[in-house]
>>> print(open('structure01.cif').read())   # mmCIF, C-alpha atoms
data_target
loop_
_atom_site.label_atom_id
_atom_site.label_comp_id
_atom_site.auth_asym_id
_atom_site.auth_seq_id
_atom_site.Cartn_x
_atom_site.Cartn_y
_atom_site.Cartn_z
CA MET A 27 203.07 28.69 128.18
CA SER A 28 201.81 29.83 124.80
CA GLY A 29 198.19 29.93 123.88
CA PRO A 30 195.51 31.96 122.14
CA VAL A 31 195.58 35.64 122.96
CA ALA A 32 192.57 37.94 122.87
CA THR A 33 193.96 41.19 121.45
CA ALA A 34 191.52 43.58 123.10
CA PRO A 35 191.30 45.45 126.43
CA GLU A 36 189.81 43.56 129.37
CA SER A 37 186.58 45.58 129.28
CA VAL A 38 186.07 44.69 125.60
CA ARG A 39 186.75 41.00 126.24
CA GLU A 40 184.22 40.96 129.10
CA ARG A 41 181.66 42.66 126.83
CA ASP A 42 182.34 40.04 124.18
CA PHE A 43 181.90 37.26 126.73
CA ARG A 44 178.46 38.69 127.58
CA LEU A 45 177.58 38.60 123.87
CA LEU A 46 178.74 34.97 123.70
CA TRP A 47 176.68 34.11 126.79
CA VAL A 48 173.51 35.87 125.58
CA GLY A 49 173.71 34.44 122.07
CA SER A 50 174.28 30.89 123.27
CA GLY A 51 171.60 31.22 125.95
CA ILE A 52 169.00 32.32 123.41
CA SER A 53 169.94 29.51 121.02
CA GLN A 54 169.62 26.94 123.84
CA LEU A 55 166.19 28.27 124.82
CA CYS A 56 164.97 28.30 121.20
CA GLY A 57 166.50 24.86 120.65
CA MET A 58 163.82 23.31 122.84
CA ALA A 59 161.39 23.89 119.96
CA THR A 60 162.82 20.96 118.00
CA VAL A 61 163.03 18.79 121.14
CA VAL A 62 159.23 19.03 121.37
CA ALA A 63 158.41 19.40 117.66
CA PHE A 64 160.43 16.51 116.18
CA PRO A 65 158.78 13.71 118.22
CA LEU A 66 155.31 15.13 117.51
CA LEU A 67 156.12 15.54 113.84
CA ALA A 68 157.38 11.97 113.68
CA ALA A 69 154.40 10.46 115.52
CA ARG A 70 151.49 12.53 114.19
CA THR A 71 152.59 13.40 110.66
CA LEU A 72 154.89 10.53 109.72
CA GLY A 73 153.20 7.75 111.73
CA ALA A 74 156.35 6.71 113.62
CA THR A 75 156.19 4.10 116.38
CA VAL A 76 157.32 4.82 119.96
CA GLY A 77 160.63 3.07 119.28
CA GLU A 78 161.22 5.10 116.11
CA VAL A 79 160.47 8.32 117.99
CA GLY A 80 162.96 7.34 120.70
CA LEU A 81 165.67 6.91 118.07
CA ILE A 82 165.42 10.65 117.29
CA THR A 83 166.86 11.43 120.73
CA ALA A 84 169.45 8.64 120.48
CA ALA A 85 170.58 10.02 117.11
CA GLY A 86 171.37 13.33 118.81
CA TYR A 87 173.63 11.64 121.38
CA LEU A 88 175.56 9.45 118.92
CA PRO A 89 177.96 12.14 117.56
CA TRP A 90 179.38 12.67 121.06
CA LEU A 91 180.85 9.16 120.74
CA VAL A 92 182.08 9.56 117.17
CA VAL A 93 182.99 13.22 116.56
CA THR A 94 184.20 14.58 119.91
CA LEU A 95 187.85 13.52 119.83
CA PRO A 96 188.52 14.64 116.22
CA ALA A 97 186.67 17.88 116.99
CA GLY A 98 189.06 18.59 119.84
CA VAL A 99 191.95 18.56 117.35
CA TYR A 100 190.41 20.08 114.23
CA SER A 101 188.66 22.91 116.10
CA THR A 102 192.15 24.31 116.82
CA ARG A 103 192.82 24.79 113.09
CA LEU A 104 190.59 27.87 112.91
CA ARG A 105 190.09 30.88 115.13
CA PRO A 106 187.58 30.10 117.90
CA ARG A 107 185.08 32.73 116.77
CA THR A 108 185.19 31.33 113.22
CA VAL A 109 184.33 27.85 114.52
CA LEU A 110 181.43 29.24 116.55
CA LEU A 111 180.09 31.22 113.58
CA LEU A 112 180.33 28.31 111.13
CA THR A 113 178.61 25.90 113.52
CA ASP A 114 175.77 28.32 114.21
CA LEU A 115 175.16 28.94 110.51
CA SER A 116 175.39 25.25 109.60
CA ARG A 117 172.94 24.28 112.38
CA ALA A 118 170.52 26.98 111.23
CA ALA A 119 170.67 25.67 107.65
CA VAL A 120 170.14 22.03 108.66
CA VAL A 121 167.18 22.75 110.95
CA THR A 122 165.53 24.96 108.30
CA MET A 123 165.47 22.06 105.85
CA VAL A 124 162.86 20.22 107.97
CA PRO A 125 160.04 22.80 107.58
CA VAL A 126 161.05 23.32 103.93
CA LEU A 127 160.78 19.58 103.17
CA SER A 128 157.50 19.44 105.10
CA ALA A 129 156.05 22.31 103.07
CA LEU A 130 157.09 20.56 99.84
CA GLY A 131 155.51 17.29 101.01
CA HIS A 132 158.80 15.36 100.87
CA LEU A 133 159.58 15.03 104.59
CA ALA A 134 160.47 11.50 105.73
CA LEU A 135 161.42 10.07 109.10
CA TRP A 136 165.05 9.64 108.12
CA HIS A 137 165.26 13.40 107.54
CA LEU A 138 164.60 13.94 111.26
CA TYR A 139 167.29 11.41 112.21
CA LEU A 140 169.77 13.02 109.83
CA SER A 141 168.91 16.51 111.05
CA ASN A 142 169.53 15.58 114.68
CA ILE A 143 172.83 13.87 113.81
CA LEU A 144 174.14 16.79 111.74
CA VAL A 145 173.07 19.42 114.27
CA SER A 146 174.67 17.40 117.06
CA CYS A 147 177.92 17.07 115.08
CA ALA A 148 178.09 20.87 114.77
CA THR A 149 177.14 21.23 118.45
CA VAL A 150 180.12 19.06 119.46
CA PHE A 151 182.49 21.55 117.76
CA TYR A 152 180.56 24.49 119.18
CA GLU A 153 180.61 23.31 122.80
CA ILE A 154 184.30 22.38 122.83
CA VAL A 155 185.23 25.87 121.65
CA TYR A 156 182.51 27.58 123.71
CA LEU A 157 183.74 26.00 126.96
CA SER A 158 187.31 27.04 126.15
CA MET A 159 186.33 30.72 125.80
CA PRO A 160 185.89 31.88 129.45
CA PRO A 161 189.61 31.60 130.36
CA ARG A 162 190.48 33.39 127.11
CA MET A 163 188.07 36.27 127.65
CA LEU A 164 187.94 36.69 131.43
CA PRO A 165 190.58 37.28 134.10
CA LYS A 166 191.14 34.34 136.45
CA ASP A 167 189.37 36.01 139.37
CA LYS A 168 186.17 36.23 137.30
CA LEU A 169 186.34 32.75 135.75
CA VAL A 170 183.96 31.15 138.26
CA TYR A 171 181.36 33.85 137.59
CA GLY A 172 181.72 33.33 133.84
CA ASN A 173 180.98 29.62 134.29
CA ILE A 174 178.04 30.52 136.54
CA ARG A 175 176.55 32.53 133.68
CA LEU A 176 176.94 29.60 131.31
CA GLN A 177 175.17 27.35 133.82
CA ILE A 178 172.37 29.92 134.26
CA ALA A 179 171.76 29.87 130.49
CA ARG A 180 171.52 26.08 130.60
CA ALA A 181 169.17 26.15 133.60
CA VAL A 182 166.89 28.76 131.99
CA SER A 183 166.51 26.61 128.88
CA LEU A 184 165.60 23.57 131.04
CA ALA A 185 163.20 25.53 133.25
CA PHE A 186 161.33 27.56 130.66
CA GLY A 187 162.27 25.98 127.32
CA PRO A 188 159.63 23.20 127.42
CA THR A 189 156.86 25.74 128.12
CA VAL A 190 158.03 28.08 125.35
CA ALA A 191 158.38 25.12 122.99
CA GLY A 192 154.92 23.82 123.86
CA PHE A 193 153.24 27.12 123.03
CA THR A 194 155.35 27.45 119.88
CA VAL A 195 154.28 24.03 118.62
CA GLN A 196 150.67 24.84 119.52
CA LEU A 197 150.73 28.15 117.63
CA LEU A 198 152.85 27.24 114.60
CA GLY A 199 152.39 23.47 114.41
CA PRO A 200 155.24 20.94 114.73
CA GLU A 201 156.21 21.35 111.07
CA HIS A 202 156.96 25.11 111.45
CA ALA A 203 158.18 25.24 115.08
CA PRO A 204 161.80 24.34 114.13
CA LEU A 205 162.08 27.80 112.55
CA VAL A 206 162.26 29.16 116.11
CA ASN A 207 165.37 27.04 116.59
CA THR A 208 166.77 28.49 113.36
CA ALA A 209 166.16 32.00 114.70
CA GLY A 210 168.05 31.15 117.89
CA PHE A 211 171.11 29.99 115.95
CA LEU A 212 171.02 33.18 113.85
CA VAL A 213 170.86 35.34 117.00
CA SER A 214 173.90 33.49 118.34
CA ALA A 215 175.75 34.05 115.05
CA SER A 216 174.84 37.77 115.14
CA CYS A 217 176.22 38.11 118.67
CA ASN A 218 179.45 36.52 117.43
CA LEU A 219 179.73 39.08 114.62
CA LEU A 220 179.30 41.94 117.15
CA MET A 221 182.37 40.83 119.14
CA ARG A 222 185.57 42.86 118.81
CA SER A 223 188.15 40.56 120.42
CA ARG A 224 190.59 38.82 118.10
CA ILE A 225 191.35 35.39 119.54
CA GLU A 226 193.90 33.38 117.60
CA SER A 227 193.78 29.61 117.12
CA THR A 228 196.03 27.32 119.15
CA ARG A 229 197.27 25.50 116.02
CA SER A 230 200.66 27.23 116.04
CA SER A 231 201.43 25.85 119.50
CA ALA A 232 200.07 22.33 118.85
CA ARG A 233 202.57 19.57 118.26
CA ALA A 234 202.91 18.57 114.64
CA GLY A 235 202.18 15.03 113.61
CA GLY A 236 198.50 14.72 112.83
CA MET A 237 195.31 14.14 114.74
CA TRP A 238 196.34 11.01 116.65
CA THR A 239 199.60 12.54 117.85
CA GLU A 240 197.80 15.62 119.13
CA LEU A 241 195.09 13.53 120.76
CA ALA A 242 197.70 11.30 122.39
CA GLU A 243 199.32 14.39 123.91
CA ALA A 244 196.00 15.41 125.47
CA VAL A 245 195.27 11.87 126.69
CA ARG A 246 198.70 11.66 128.34
CA PHE A 247 198.06 14.99 130.04
CA VAL A 248 194.65 13.91 131.36
CA THR A 249 195.93 10.56 132.64
CA ARG A 250 198.74 12.31 134.52
CA GLN A 251 196.33 14.82 136.07
CA ARG A 252 194.55 12.63 138.62
CA VAL A 253 192.28 15.46 139.72
CA ILE A 254 190.99 15.97 136.16
CA LEU A 255 190.71 12.20 135.70
CA ALA A 256 188.58 11.84 138.84
CA SER A 257 186.48 14.83 137.79
CA MET A 258 185.91 13.26 134.36
CA ALA A 259 184.88 9.95 135.94
CA GLY A 260 182.42 11.73 138.25
CA SER A 261 180.92 13.61 135.30
CA ALA A 262 180.62 10.36 133.33
CA VAL A 263 178.65 8.68 136.14
CA GLY A 264 176.47 11.77 136.57
CA ASN A 265 175.66 12.01 132.86
CA CYS A 266 174.94 8.29 132.60
CA CYS A 267 172.46 8.60 135.46
CA PHE A 268 170.93 11.77 133.98
CA ALA A 269 170.20 10.02 130.67
CA ALA A 270 168.75 7.04 132.57
CA TYR A 271 166.61 9.47 134.57
CA GLU A 272 165.38 11.08 131.33
CA ALA A 273 164.45 7.66 129.95
CA LEU A 274 162.35 6.80 133.04
CA VAL A 275 160.90 9.98 134.53
CA VAL A 276 158.14 10.79 132.02
CA ILE A 277 156.76 7.25 132.03
CA PHE A 278 157.05 7.13 135.83
CA LEU A 279 155.09 10.35 136.33
CA ALA A 280 152.51 9.63 133.64
CA ASP A 281 151.83 5.94 134.32
CA ASP A 282 152.96 5.07 137.85
CA VAL A 283 151.93 8.37 139.48
CA GLY A 284 149.12 9.08 137.00
CA ILE A 285 149.39 12.83 136.59
CA ALA A 286 148.13 15.01 133.73
CA PRO A 287 150.52 16.34 131.07
CA GLY A 288 150.27 19.92 132.37
CA THR A 289 151.31 18.92 135.88
CA LEU A 290 153.99 16.67 134.44
CA GLY A 291 155.52 19.63 132.59
CA MET A 292 155.52 21.72 135.75
CA LEU A 293 157.31 19.00 137.71
CA LEU A 294 159.91 18.52 134.99
CA GLY A 295 160.46 22.29 135.00
CA SER A 296 161.47 22.05 138.66
CA VAL A 297 164.73 20.50 137.41
CA GLY A 298 165.54 23.78 135.67
CA ILE A 299 164.39 25.85 138.65
CA GLY A 300 166.76 23.86 140.87
CA GLY A 301 169.52 24.48 138.35
CA LEU A 302 168.83 28.23 138.45
CA ILE A 303 168.94 28.28 142.25
CA GLY A 304 172.22 26.39 142.22
CA ALA A 305 173.75 28.59 139.52
CA PHE A 306 172.78 31.83 141.27
CA SER A 307 174.16 30.57 144.58
CA ALA A 308 177.38 29.07 143.14
CA GLY A 309 179.35 32.29 143.54
CA ARG A 310 178.48 32.63 147.23
CA VAL A 311 179.13 28.93 147.83
CA SER A 312 182.50 29.20 146.08
CA ARG A 313 183.54 32.18 148.22
CA ARG A 314 182.50 30.50 151.46
CA LEU A 315 183.74 26.94 150.86
CA GLY A 316 186.49 27.61 148.33
CA THR A 317 186.57 26.85 144.61
CA ALA A 318 187.79 23.26 145.15
CA ARG A 319 185.41 22.29 147.95
CA SER A 320 182.43 23.73 146.09
CA VAL A 321 183.03 21.21 143.29
CA TRP A 322 181.93 18.25 145.42
CA ILE A 323 180.56 19.23 148.86
CA PRO A 324 177.22 20.85 147.79
CA ALA A 325 176.39 17.95 145.46
CA THR A 326 177.31 15.41 148.13
CA VAL A 327 175.08 17.13 150.70
CA LEU A 328 172.08 17.70 148.40
CA ALA A 329 172.25 14.54 146.25
CA PRO A 330 170.28 12.40 148.78
CA ALA A 331 167.26 14.63 148.10
CA GLY A 332 167.00 12.81 144.76
CA LEU A 333 165.88 9.69 146.61
CA LEU A 334 162.56 11.48 147.23
CA LEU A 335 161.69 11.27 143.51
CA PRO A 336 160.72 7.57 143.36
CA LEU A 337 158.58 8.10 146.51
CA THR A 338 156.29 10.49 144.59
CA ARG A 339 152.54 9.80 144.95
CA PRO A 340 149.43 11.55 143.58
CA GLY A 341 148.08 14.61 145.39
CA PRO A 342 150.23 15.99 148.22
CA GLY A 343 152.86 13.37 147.40
CA LEU A 344 153.81 15.39 144.30
CA SER A 345 155.62 17.78 146.65
CA LEU A 346 158.21 15.03 147.17
CA PHE A 347 159.19 15.20 143.49
CA LEU A 348 159.16 19.01 143.47
CA MET A 349 161.35 19.30 146.58
CA GLY A 350 163.64 16.43 145.68
CA ALA A 351 164.29 17.56 142.10
CA THR A 352 164.81 21.20 143.08
CA LEU A 353 167.35 20.45 145.84
CA PHE A 354 169.11 17.70 143.90
CA HIS A 355 169.64 19.77 140.76
CA ALA A 356 170.63 22.85 142.75
CA GLY A 357 173.54 20.83 144.12
CA TYR A 358 174.46 19.53 140.70
CA ALA A 359 174.39 23.01 139.16
CA VAL A 360 177.12 24.06 141.62
CA PHE A 361 178.91 20.79 140.79
CA THR A 362 178.79 21.60 137.04
CA VAL A 363 180.18 25.12 137.54
CA GLY A 364 183.01 23.75 139.68
CA GLN A 365 183.84 20.96 137.21
CA ALA A 366 184.19 23.42 134.32
CA THR A 367 186.36 25.80 136.36
CA LEU A 368 188.54 22.91 137.53
CA VAL A 369 189.43 21.78 134.00
CA GLN A 370 189.95 25.34 132.76
CA LEU A 371 192.33 26.28 135.59
CA LEU A 372 194.40 23.08 135.56
CA THR A 373 194.89 22.81 131.77
CA PRO A 374 197.45 24.75 129.68
CA SER A 375 195.76 26.98 127.12
CA ASP A 376 197.27 25.18 124.11
CA LEU A 377 195.85 21.86 125.37
CA LEU A 378 192.49 23.15 126.57
CA GLN A 379 190.32 22.33 123.54
CA ARG A 380 191.81 18.84 123.18
CA THR A 381 191.46 18.20 126.92
CA LEU A 382 187.85 19.38 126.82
CA ALA A 383 187.29 16.99 123.92
CA CYS A 384 188.63 14.07 125.98
CA VAL A 385 186.46 15.05 128.94
CA ARG A 386 183.37 15.51 126.77
CA PHE A 387 183.96 12.29 124.87
CA VAL A 388 183.77 10.30 128.10
CA SER A 389 181.14 12.32 129.97
CA ARG A 390 178.78 13.12 127.08
CA GLY A 391 179.32 9.74 125.47
CA MET A 392 177.82 8.19 128.59
CA LEU A 393 174.49 9.89 127.76
CA PHE A 394 174.00 7.40 124.95
CA PHE A 395 174.65 4.42 127.23
CA GLY A 396 172.68 5.98 130.07
CA GLY A 397 169.54 5.95 127.94
CA LEU A 398 170.03 2.25 127.37
CA VAL A 399 170.63 1.70 131.10
CA GLY A 400 167.42 3.56 131.99
CA GLY A 401 165.40 1.56 129.49
CA GLY A 402 166.88 -1.70 130.78
CA LEU A 403 166.18 -0.86 134.42
CA GLY A 404 162.62 0.17 133.56
CA SER A 405 162.03 -3.09 131.71
CA LEU A 406 163.47 -5.22 134.51
CA PHE A 407 162.11 -3.50 137.60
CA GLY A 408 159.49 -1.01 136.41
CA PRO A 409 159.84 2.80 136.24
CA ARG A 410 159.57 3.47 140.00
CA LEU A 411 162.18 0.97 141.19
CA GLY A 412 164.36 1.70 138.16
CA LEU A 413 164.31 5.41 139.03
CA ALA A 414 165.24 4.58 142.64
CA VAL A 415 168.28 2.61 141.45
CA VAL A 416 169.36 5.50 139.20
CA MET A 417 169.05 8.12 141.95
CA PHE A 418 171.01 5.90 144.34
CA LEU A 419 173.83 5.42 141.81
CA TRP A 420 173.89 9.18 141.20
CA LEU A 421 175.03 9.70 144.81
CA SER A 422 178.46 8.36 143.86
CA ALA A 423 179.31 11.02 141.23
CA PRO A 424 180.58 13.78 143.57
CA LEU A 425 182.32 11.21 145.77
CA ILE A 426 184.21 9.86 142.75
CA THR A 427 185.29 13.42 141.91
CA ALA A 428 186.50 13.92 145.50
CA SER A 429 188.49 10.65 145.48
CA SER A 430 191.55 12.55 144.22
CA ARG A 431 193.64 15.09 146.14
CA LEU A 432 190.91 17.62 145.31
CA ARG A 433 189.30 16.78 148.66
CA HIS A 434 192.35 18.22 150.45
CA TRP A 435 192.21 21.56 148.62
CA ARG A 436 190.23 24.61 149.60
CA ASP A 437 190.78 26.39 146.27
CA ILE A 438 191.78 25.12 142.84
CA PRO A 439 195.39 26.18 142.19
CA SER A 440 195.83 28.46 139.19
CA LEU A 441 198.12 27.15 136.45
CA GLU A 442 200.79 29.71 135.62
#
>>> encode(input="structure01.cif", output="structure tokens")
Amino acid sequence: MSGPVATAPESVRERDFRLLWVGSGISQLCGMATVVAFPLLAARTLGATVGEVGLITAAGYLPWLVVTLPAGVYSTRLRPRTVLLLTDLSRAAVVTMVPVLSALGHLALWHLYLSNILVSCATVFYEIVYLSMPPRMLPKDKLVYGNIRLQIARAVSLAFGPTVAGFTVQLLGPEHAPLVNTAGFLVSASCNLLMRSRIESTRSSARAGGMWTELAEAVRFVTRQRVILASMAGSAVGNCCFAAYEALVVIFLADDVGIAPGTLGMLLGSVGIGGLIGAFSAGRVSRRLGTARSVWIPATVLAPAGLLLPLTRPGPGLSLFLMGATLFHAGYAVFTVGQATLVQLLTPSDLLQRTLACVRFVSRGMLFFGGLVGGGLGSLFGPRLGLAVVMFLWLSAPLITASSRLRHWRDIPSLE
């Protein structure tokens, strides 16, 4: 089956994958600067209300519902490295405009909304191509370990990004902190320019007939692949619950539990620590259980630890949150690695970017609705009970993934 070919020796392609991993990891870590700076800039400098500040985050999720499917088609028109380079440079330019407008005294709240939307649009293109790169740059026997590295980068940004961002905002001020995000995108672009592999686009092998025809081909493929369909549904439920968790957890810890901001940051960092533990152990788990079983068994076993979170109390009771979040997210880090490997191994190379777009459209699109679900549950039942409902629903995600014939496999079969 035809697909993009990396015209370079295996050792060069593996070196280039490390550059991709390092560049993206640094940009994710530096990206936390705007996550902290934009809300503070909106509230303290522009006088935004709590609802207006919340819309900054929602604006960042919206493009996953609007742009993802077209991005899956149009990202195949150019070489993958070209798409990655253009998205990094465009994101750097957009983020830089915020401190420039602030320095000129022309910054308005709508600039922050627009910045988050535009950066997220570019990120949609970036992630679809980025997730399609491991099978193009690594041999099949190293694909799991490539996905582990990608998950480690994500976990590091969650574990240490808020702390780095906090100090950055404190030192530079919220109006200048986004420049750190700009620097991260430029580092990622530089790593791209240092690569030596030539990876062609998949456009030549795509069926002619326009965007909708090409999308329909990918949708038909996904609907016929029941394992991928179940995996996508499990990811959608997991992401919906994650966004609902994000909407509730800060208010729960600050108001219901009554802890100080410093302690709150430490507890939230335990999510990233759990992700690191899971990512580092994913290779060993995959070897022992098999690549298919490791997709759903670790998450199923460790997910009940999440029910400890709503039981958190002041003092020694904080250990319940720390232990629950660490174990829960360790299981879901292994789950995430397995999900990515599953789609990569079961999808033909010329359909991979469009299939990833379909998967991301459903799973990432649920983040937007999950935030609404979390807010609704918090309003109806209060943060503690709302969080309990979310963590209970989250138990179903790995079980939904295992509802297909995946549960009968030890290893994911490799598509020849």
>>> closest_residue(input="structure01.cif", among="A:Val385, A:Val121, A:Leu333, A:Ala256", to="Gln370 of chain A", atoms="all atoms listed in the file")
A:Val385
>>> residues_around(input="structure01.cif", residues="Asp282 of chain A", least_positions_apart="3", cutoff="8 Å", atoms="only C-alpha atoms", output="list in words")
Ile277, Phe278, Leu279, Pro409 and Arg410 of chain A
>>> residues_near_point(input="structure01.cif", point="(174.8, 17.2, 116.7)", cutoff="9 Å", atoms="only C-alpha atoms", output="ChimeraX atom specification")
/A:85-90,117,141-151
>>> write_last_selection(input="structure01.cif", atoms="C-alpha atoms", output="mmCIF file, in the frame of the given file")
data_model
loop_
_atom_site.group_PDB
_atom_site.id
_atom_site.type_symbol
_atom_site.label_atom_id
_atom_site.label_comp_id
_atom_site.auth_asym_id
_atom_site.auth_seq_id
_atom_site.Cartn_x
_atom_site.Cartn_y
_atom_site.Cartn_z
ATOM 1 C CA ALA A 85 170.580 10.020 117.110
ATOM 2 C CA GLY A 86 171.370 13.330 118.810
ATOM 3 C CA TYR A 87 173.630 11.640 121.380
ATOM 4 C CA LEU A 88 175.560 9.450 118.920
ATOM 5 C CA PRO A 89 177.960 12.140 117.560
ATOM 6 C CA TRP A 90 179.380 12.670 121.060
ATOM 7 C CA ARG A 117 172.940 24.280 112.380
ATOM 8 C CA SER A 141 168.910 16.510 111.050
ATOM 9 C CA ASN A 142 169.530 15.580 114.680
ATOM 10 C CA ILE A 143 172.830 13.870 113.810
ATOM 11 C CA LEU A 144 174.140 16.790 111.740
ATOM 12 C CA VAL A 145 173.070 19.420 114.270
ATOM 13 C CA SER A 146 174.670 17.400 117.060
ATOM 14 C CA CYS A 147 177.920 17.070 115.080
ATOM 15 C CA ALA A 148 178.090 20.870 114.770
ATOM 16 C CA THR A 149 177.140 21.230 118.450
ATOM 17 C CA VAL A 150 180.120 19.060 119.460
ATOM 18 C CA PHE A 151 182.490 21.550 117.760
#
>>> resolve_selection(input="structure01.cif", expression="the PyMOL selection byres ((chain A and resi 241) around 10)", output="mmCIF file with C-alpha atoms, in the coordinates of the input")
data_model
loop_
_atom_site.group_PDB
_atom_site.id
_atom_site.type_symbol
_atom_site.label_atom_id
_atom_site.label_comp_id
_atom_site.auth_asym_id
_atom_site.auth_seq_id
_atom_site.Cartn_x
_atom_site.Cartn_y
_atom_site.Cartn_z
ATOM 1 C CA LEU A 95 187.850 13.520 119.830
ATOM 2 C CA PRO A 96 188.520 14.640 116.220
ATOM 3 C CA GLY A 98 189.060 18.590 119.840
ATOM 4 C CA VAL A 99 191.950 18.560 117.350
ATOM 5 C CA ARG A 233 202.570 19.570 118.260
ATOM 6 C CA GLY A 236 198.500 14.720 112.830
ATOM 7 C CA MET A 237 195.310 14.140 114.740
ATOM 8 C CA TRP A 238 196.340 11.010 116.650
ATOM 9 C CA THR A 239 199.600 12.540 117.850
ATOM 10 C CA GLU A 240 197.800 15.620 119.130
ATOM 11 C CA ALA A 242 197.700 11.300 122.390
ATOM 12 C CA GLU A 243 199.320 14.390 123.910
ATOM 13 C CA ALA A 244 196.000 15.410 125.470
ATOM 14 C CA VAL A 245 195.270 11.870 126.690
ATOM 15 C CA ARG A 246 198.700 11.660 128.340
ATOM 16 C CA PHE A 247 198.060 14.990 130.040
ATOM 17 C CA LEU A 377 195.850 21.860 125.370
ATOM 18 C CA ARG A 380 191.810 18.840 123.180
ATOM 19 C CA THR A 381 191.460 18.200 126.920
ATOM 20 C CA ALA A 383 187.290 16.990 123.920
ATOM 21 C CA CYS A 384 188.630 14.070 125.980
#
>>> resolve_selection(input="structure01.cif", expression="the PyMOL selection byres ((chain A and resi 56-59) around 12)", output="number ranges by chain")
A: 49-55, 60-67, 114, 117-118, 121, 142, 145-146, 149, 179-180, 182-214
>>> closest_residue(input="structure01.cif", among="A:Leu334, A:Arg436, A:His137, A:Pro160", to="Ser375 of chain A", atoms="all atoms listed in the file")
A:Pro160
>>> atom_distance(input="structure01.cif", atom1="atom CA of Leu302 of chain A", atom2="atom CA of Leu372 of chain A")
26.2 Å
>>> atom_distance(input="structure01.cif", atom1="atom CA of Phe418 of chain A", atom2="atom CA of Arg252 of chain A")
25.1 Å
>>> atom_distance(input="structure01.cif", atom1="atom CA of Ile254 of chain A", atom2="atom CA of Ala273 of chain A")
28.5 Å
>>> residues_around(input="structure01.cif", residues="Thr108 of chain A", least_positions_apart="3", cutoff="12 Å", atoms="all atoms listed in the file", output="ChimeraX atom specification")
/A:101-105,111-115,151-152,155-156,215,218-219,221,224-227
>>> closest_residue(input="structure01.cif", among="A:Ser307, A:Leu337, A:Asp42, A:Gly401", to="Ser216 of chain A", atoms="all atoms listed in the file")
A:Asp42
>>> closest_residue(input="structure01.cif", among="A:Ala305, A:Ile82, A:Leu72, A:Val283", to="His132 of chain A", atoms="all atoms listed in the file")
A:Leu72
>>> closest_residue(input="structure01.cif", among="A:Leu348, A:Leu425, A:Leu135, A:Leu45", to="Gly300 of chain A", atoms="all atoms listed in the file")
A:Leu348
>>> residues_around(input="structure01.cif", residues="Gly341 of chain A", least_positions_apart="4", cutoff="12 Å", atoms="all atoms listed in the file", output="ChimeraX atom specification")
/A:283-286,289,345-347
>>> closest_residue(input="structure01.cif", among="A:Leu140, A:Met163, A:Leu371, A:Ile438", to="Leu315 of chain A", atoms="all atoms listed in the file")
A:Ile438
>>> resolve_selection(input="structure01.cif", expression="the PyMOL selection byres ((chain A and resi 432) around 12)", output="MDAnalysis selection string")
chainID A and resid 251:257 316:323 364:365 368 372 424:431 433:439
>>> residues_around(input="structure01.cif", residues="Ile303 of chain A", least_positions_apart="2", cutoff="10 Å", atoms="all atoms listed in the file", output="MDAnalysis selection string")
chainID A and resid 178 181 298:301 305:308 352:353 355:357 359:360
